[in-house]
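Novice: Here you go, one structure.
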Amino acid sequence: MTLAALIFLLIIHYCIGYGFLRLFRVQFNRVPQVCLTFLTGIVLPSFIPFLLQLAFIPITFSSVLISLLALCLLINILSLKKLKSFSYGSLKLHFSPSIRIYEWPFMIVFGIFLIASLWRGYYQPVFARDMLSGPEVIAEYTIKEHTMLNSFFDVNLETTNNHHKPPYITGLQIIYKYFGFPFGQIWVCFLAIAFCVFLYYLLRQKLHPIIACTIFLLFLAMPELYAYTYILLFDYSNMIFFFLAVYFLQYYFRTRYVNKLYFSAALFGLATFMRVETLVFTAMIVPALWLYAFRHKLSIRRVALYSVLLVGVPAVVYFLWVGIYLEYYIPAKFHLGPQINQDLLNLQPLIKRFREMHSVLIFGDFGLRLWGYFFYFFIFLTAADIIITRKIDKESRTWWYAILVIYLGLPVLGFLLPLMDLMHTTKRGLFKLLPFMVLILANNSILQALSARITRWELPTPDAKTTSTF
Amino acid sequence: MTSSSKKYLLTGVSAAIVIVFFSIPFYQNWYKNKVWIAVESIPEQLQYMEPEERLGARLTNSYRISAAVREDLKNKGLLDSAIVLLPPQGYIDAQKFDYPVPEPAVFYYYTGVRSKWTNSPGVENVTHALFVMKGISKLIPVNDTILKEILKFYEPYPIK
């Protein structure tokens with residue numbers, strides 16, 4: 001029964017993601033396309049219970065099921081012609097990646113990592129305190145009482161503010177619990193797996209598989225990040241969608257396909273549905289668009305339109321949650337005002353936060369326990385690259401800009417809102433740096449030169465290139 | 001060297017990188033204690049698939065003792081009406097008792113029963129108190145007088 005429910009949910013996720021990608025005409029090679037399909041297809045249904053609640057419709061199994069099917073149908077109707085070409089044959093084709101023999105030692109290790117993650121995600125109950133005192137309890141009692149405004153709000157909530165966190169996790173937990181998963185959360189592992197394969201694909205496009213595997217092993221073996229491939233929290237998902245949003249913005253910069261910019265705006269919206277402060281980061285990303293527009297002489301009208309779009313989609317998501325739901329629906333009111341630092345002229349806490357971000361979180365013993373040697377590996381290779389080539393790769397500039405946004409934005413947010421503490425919010429906020437660091441390594445000229453040499457040796461043809469066989 | 005022998009050589013290089021990686025003490029320990037242990041424990045965990053067993057195993061005494069309170073109240077038919085006073089963590093630690101005291105929101109998730117900490121607003125409305133003495137936890141009904149005594153008893157253990 002559970003297996004049947006799981007297969008049904010995966011099909012629904014696939015169909016929703018399929019329609020969503022078609023809406024924006026996002027077309028990749030088969031493996032990354034399937035990954036993106038699942039990533040978006042898993043996240044979009046999280047809106048369903050929230051929207052049902054906004055409309056005062058009881059959140060029952062039937063209403064959730066009908067909404068899932070309706071979303072699936074609606075999103076695909078808009079790309080009906082493409083849907084007609086959908087067949088099981090094409091689905092089968094999607095699952096035939098070619099992995100070279102020398103990738104297998106790594107693949108076995110990656111497989112063990114992911115099996116451990118999947119099993120934990122399925123077997124273990126939700127554990128994180130942030131969930132047990134907020135989204136998970138709301139989801140649990142929604143199942144019993146058919147409303148997200150349930151008896152949980154009759155309980156003493158002075159010790160927690162987790163019920164003010166966005167309904168992304170609550171929504172997916174409700175769906176999975178209704179489909180027979182008592183602890184929900186297995187979808188976290190699906191997201192993580194789809195993202196890992198997608199990121200590996202991006203590495204593989206640029207580097208020889210052995211080098212790509214080595215970097216990816218360092219990425220996957222970051223203890224803190226790995227733990228969130230099965231622990232239910234917002235940050236891993238937020239990292240994925242913030243990264244994808246910037247990735248597609250850069251895709252737009254590279255190709256000028258404006259639908260990629262629209263897709264990027266939609267992804268920023270999804271990321272904001274996971275962590276509302278993403279709206280701030282999105283606004284900080286917009287100057288990258290202005291720089292691009294200045295270089296390519298885009299009209300002011302168009303730049304203004306694109307800027308409004310990039311910030312507007314996440315702003316709508318923010319407004320739905322903070323402006324409407326928290327303001328008019330939820331019994332335990334949310335007030336941002338008292339949470340803002342009242343002593344903004346005293347910059348000492350900002351300096352302290354910025355310093356501790358390095359001394360505590362990134363470097364030192366604790367940093368090592370969180371990230372392994374990934375940061376050191378990255379700094380060494382990047383410094384060597386910059387010293388040797390004396391330039392930053394054109395594509396990497398966008399990744400560096402995104403890193404700068406997070407790197408500066410996190411301490412500033414922590415300064416403005418002291419509730420965003422160092423050991424939780426800032427620490428997990430650093431996740432958002434990591435995929436960009438991987439892409440910077442993918443563009444590292446030393447690694448690319450080494451890749452080219454290995455490839456030439458391996459395939460001694462005049463036009464041997466390091467290309468993906470996916 | 002033929003193309004296929006080059007591929008085998010590269011496979012050896014891959015395997016060597018993996019071996020070197022996991023011979024670094026940090027990664028070796030982490031992999032052994034955090035990754036492999038999960039795979040290794042699958043056969044054993046397959047024997048305990050009931051949600052209650054899984055909750056108890058993961059959330060330890062914080063869940064088990066809270067669940068015992070739930071069962072107690074359920075048997076007495078007081079599940080919906082009871083409000084339980086939870087002991088301060090400081091007191092529990094002083095008793096050397098293994099019970100990570102959940103906050104009221106988490107206790108509600110574990111049990112479906114409303115609860116208060118000693119500093120919660122409306123603490124005067126509690127109907128029962130979870131009390132720990134000499135290594136034994138017990139749920140006792142309280143009235144105003146008993147409640148005042150208990151709160152006074154807990155005064156040296158303020159909740160931070």
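Residue names in the structure tokens use chain letters A, B, ... in the order shown, residue numbers from 1 in each chain, and ligand numbers from 1 in the order shown.
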For Asp144 (chain B), work out the shell of residues within 10 Å, counting only C-alpha atoms and skipping chain neighbours fewer than 3 positions away, then give it as a PyMOL selection string.

Specialist: chain B and resi 124-127+147-150

Novice: Quick one: which chain B residues come within 8 Å of chain A, and what is the nearest atom pair for each with the distance in Å to one decimal, counting only C-alpha atoms, rows ordered by chain and ascending number, as JSON lines?

Specialist:
{"residue": "B:Ser3", "atom": "CA", "partner": "A:Glu458", "partner_atom": "CA", "distance": 6.7}
{"residue": "B:Lys6", "atom": "CA", "partner": "A:Glu458", "partner_atom": "CA", "distance": 6.3}
{"residue": "B:Lys7", "atom": "CA", "partner": "A:Tyr102", "partner_atom": "CA", "distance": 6.6}
{"residue": "B:Tyr8", "atom": "CA", "partner": "A:Tyr102", "partner_atom": "CA", "distance": 7.1}
{"residue": "B:Leu10", "atom": "CA", "partner": "A:Tyr102", "partner_atom": "CA", "distance": 5.7}
{"residue": "B:Thr11", "atom": "CA", "partner": "A:Tyr102", "partner_atom": "CA", "distance": 3.9}
{"residue": "B:Gly12", "atom": "CA", "partner": "A:Tyr102", "partner_atom": "CA", "distance": 7.5}
{"residue": "B:Ser14", "atom": "CA", "partner": "A:Tyr102", "partner_atom": "CA", "distance": 6.1}
{"residue": "B:Ala15", "atom": "CA", "partner": "A:Pro105", "partner_atom": "CA", "distance": 5.5}
{"residue": "B:Ile17", "atom": "CA", "partner": "A:Thr214", "partner_atom": "CA", "distance": 7.5}
{"residue": "B:Val18", "atom": "CA", "partner": "A:Phe106", "partner_atom": "CA", "distance": 6.8}
{"residue": "B:Phe26", "atom": "CA", "partner": "A:Gly372", "partner_atom": "CA", "distance": 7.5}
{"residue": "B:Tyr27", "atom": "CA", "partner": "A:Gly372", "partner_atom": "CA", "distance": 7.5}
{"residue": "B:Trp30", "atom": "CA", "partner": "A:Pro223", "partner_atom": "CA", "distance": 7.4}
{"residue": "B:Val35", "atom": "CA", "partner": "A:Ala116", "partner_atom": "CA", "distance": 6.1}
{"residue": "B:Trp36", "atom": "CA", "partner": "A:Ala116", "partner_atom": "CA", "distance": 7.2}
{"residue": "B:Ala38", "atom": "CA", "partner": "A:Ala116", "partner_atom": "CA", "distance": 5.4}
{"residue": "B:Val39", "atom": "CA", "partner": "A:Ala116", "partner_atom": "CA", "distance": 5.4}
{"residue": "B:Ile42", "atom": "CA", "partner": "A:Trp119", "partner_atom": "CA", "distance": 7.7}
{"residue": "B:Met49", "atom": "CA", "partner": "A:Tyr123", "partner_atom": "CA", "distance": 7.8}
{"residue": "B:Pro51", "atom": "CA", "partner": "A:Pro182", "partner_atom": "CA", "distance": 7.1}
{"residue": "B:Arg54", "atom": "CA", "partner": "A:Gln124", "partner_atom": "CA", "distance": 6.3}
{"residue": "B:Leu55", "atom": "CA", "partner": "A:Pro125", "partner_atom": "CA", "distance": 5.9}
{"residue": "B:Arg58", "atom": "CA", "partner": "A:Gln124", "partner_atom": "CA", "distance": 6.7}
{"residue": "B:Leu59", "atom": "CA", "partner": "A:Phe127", "partner_atom": "CA", "distance": 7.1}
{"residue": "B:Glu103", "atom": "CA", "partner": "A:Thr159", "partner_atom": "CA", "distance": 7.0}
{"residue": "B:Pro104", "atom": "CA", "partner": "A:Asn156", "partner_atom": "CA", "distance": 6.0}
{"residue": "B:Ala105", "atom": "CA", "partner": "A:Ser133", "partner_atom": "CA", "distance": 5.1}
{"residue": "B:Val106", "atom": "CA", "partner": "A:Ser133", "partner_atom": "CA", "distance": 5.1}
{"residue": "B:Tyr108", "atom": "CA", "partner": "A:Phe152", "partner_atom": "CA", "distance": 7.4}
{"residue": "B:Tyr109", "atom": "CA", "partner": "A:Val137", "partner_atom": "CA", "distance": 5.4}
{"residue": "B:Arg114", "atom": "CA", "partner": "A:Val155", "partner_atom": "CA", "distance": 6.0}
{"residue": "B:Ser115", "atom": "CA", "partner": "A:Val155", "partner_atom": "CA", "distance": 7.4}
{"residue": "B:Lys116", "atom": "CA", "partner": "A:Asn156", "partner_atom": "CA", "distance": 6.9}
{"residue": "B:Ser120", "atom": "CA", "partner": "A:Asn156", "partner_atom": "CA", "distance": 7.0}
{"residue": "B:Pro121", "atom": "CA", "partner": "A:Asn156", "partner_atom": "CA", "distance": 7.7}

Novice: Per DSSP on the backbone, what are the strand (DSSP E) residues of chain B, as a list in words?

Specialist: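 Selecting the strand (DSSP E) positions of chain B gives Ile83, Val84, Leu85, Arg114, Ser115, Lys116, His128, Ala129, Leu130, Phe131, Val132, Met133, Ile136, Ser137, Lys138, Leu139, Ile140 and Pro141 of chain B.
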
Novice: Taking C-alpha atoms for each residue, export the selection above as a PDB file, in the first residue's frame.

Specialist:
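Writing the result to result-v4.pdb gives the following:
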ATOM      1  CA  ILE B  83      -3.443  20.062  31.507  1.00  0.00           C
ATOM      2  CA  VAL B  84      -0.118  18.755  32.731  1.00  0.00           C
ATOM      3  CA  LEU B  85       2.553  20.690  34.580  1.00  0.00           C
ATOM      4  CA  ARG B 114      -1.915  20.326  26.725  1.00  0.00           C
ATOM      5  CA  SER B 115       0.828  21.148  29.175  1.00  0.00           C
ATOM      6  CA  LYS B 116       2.541  24.038  30.929  1.00  0.00           C
ATOM      7  CA  HIS B 128      -2.016  17.221  36.776  1.00  0.00           C
ATOM      8  CA  ALA B 129       1.693  17.374  37.387  1.00  0.00           C
ATOM      9  CA  LEU B 130       4.366  15.082  36.042  1.00  0.00           C
ATOM     10  CA  PHE B 131       6.562  14.544  39.059  1.00  0.00           C
ATOM     11  CA  VAL B 132       9.889  12.783  39.314  1.00  0.00           C
ATOM     12  CA  MET B 133      11.264  11.517  42.594  1.00  0.00           C
ATOM     13  CA  ILE B 136      10.480   7.328  39.189  1.00  0.00           C
ATOM     14  CA  SER B 137       8.161   9.522  37.148  1.00  0.00           C
ATOM     15  CA  LYS B 138       4.574   9.783  38.217  1.00  0.00           C
ATOM     16  CA  LEU B 139       1.534  11.714  37.079  1.00  0.00           C
ATOM     17  CA  ILE B 140      -0.356  13.176  40.010  1.00  0.00           C
ATOM     18  CA  PRO B 141      -3.631  15.111  40.063  1.00  0.00           C
TER      19      PRO B 141
END
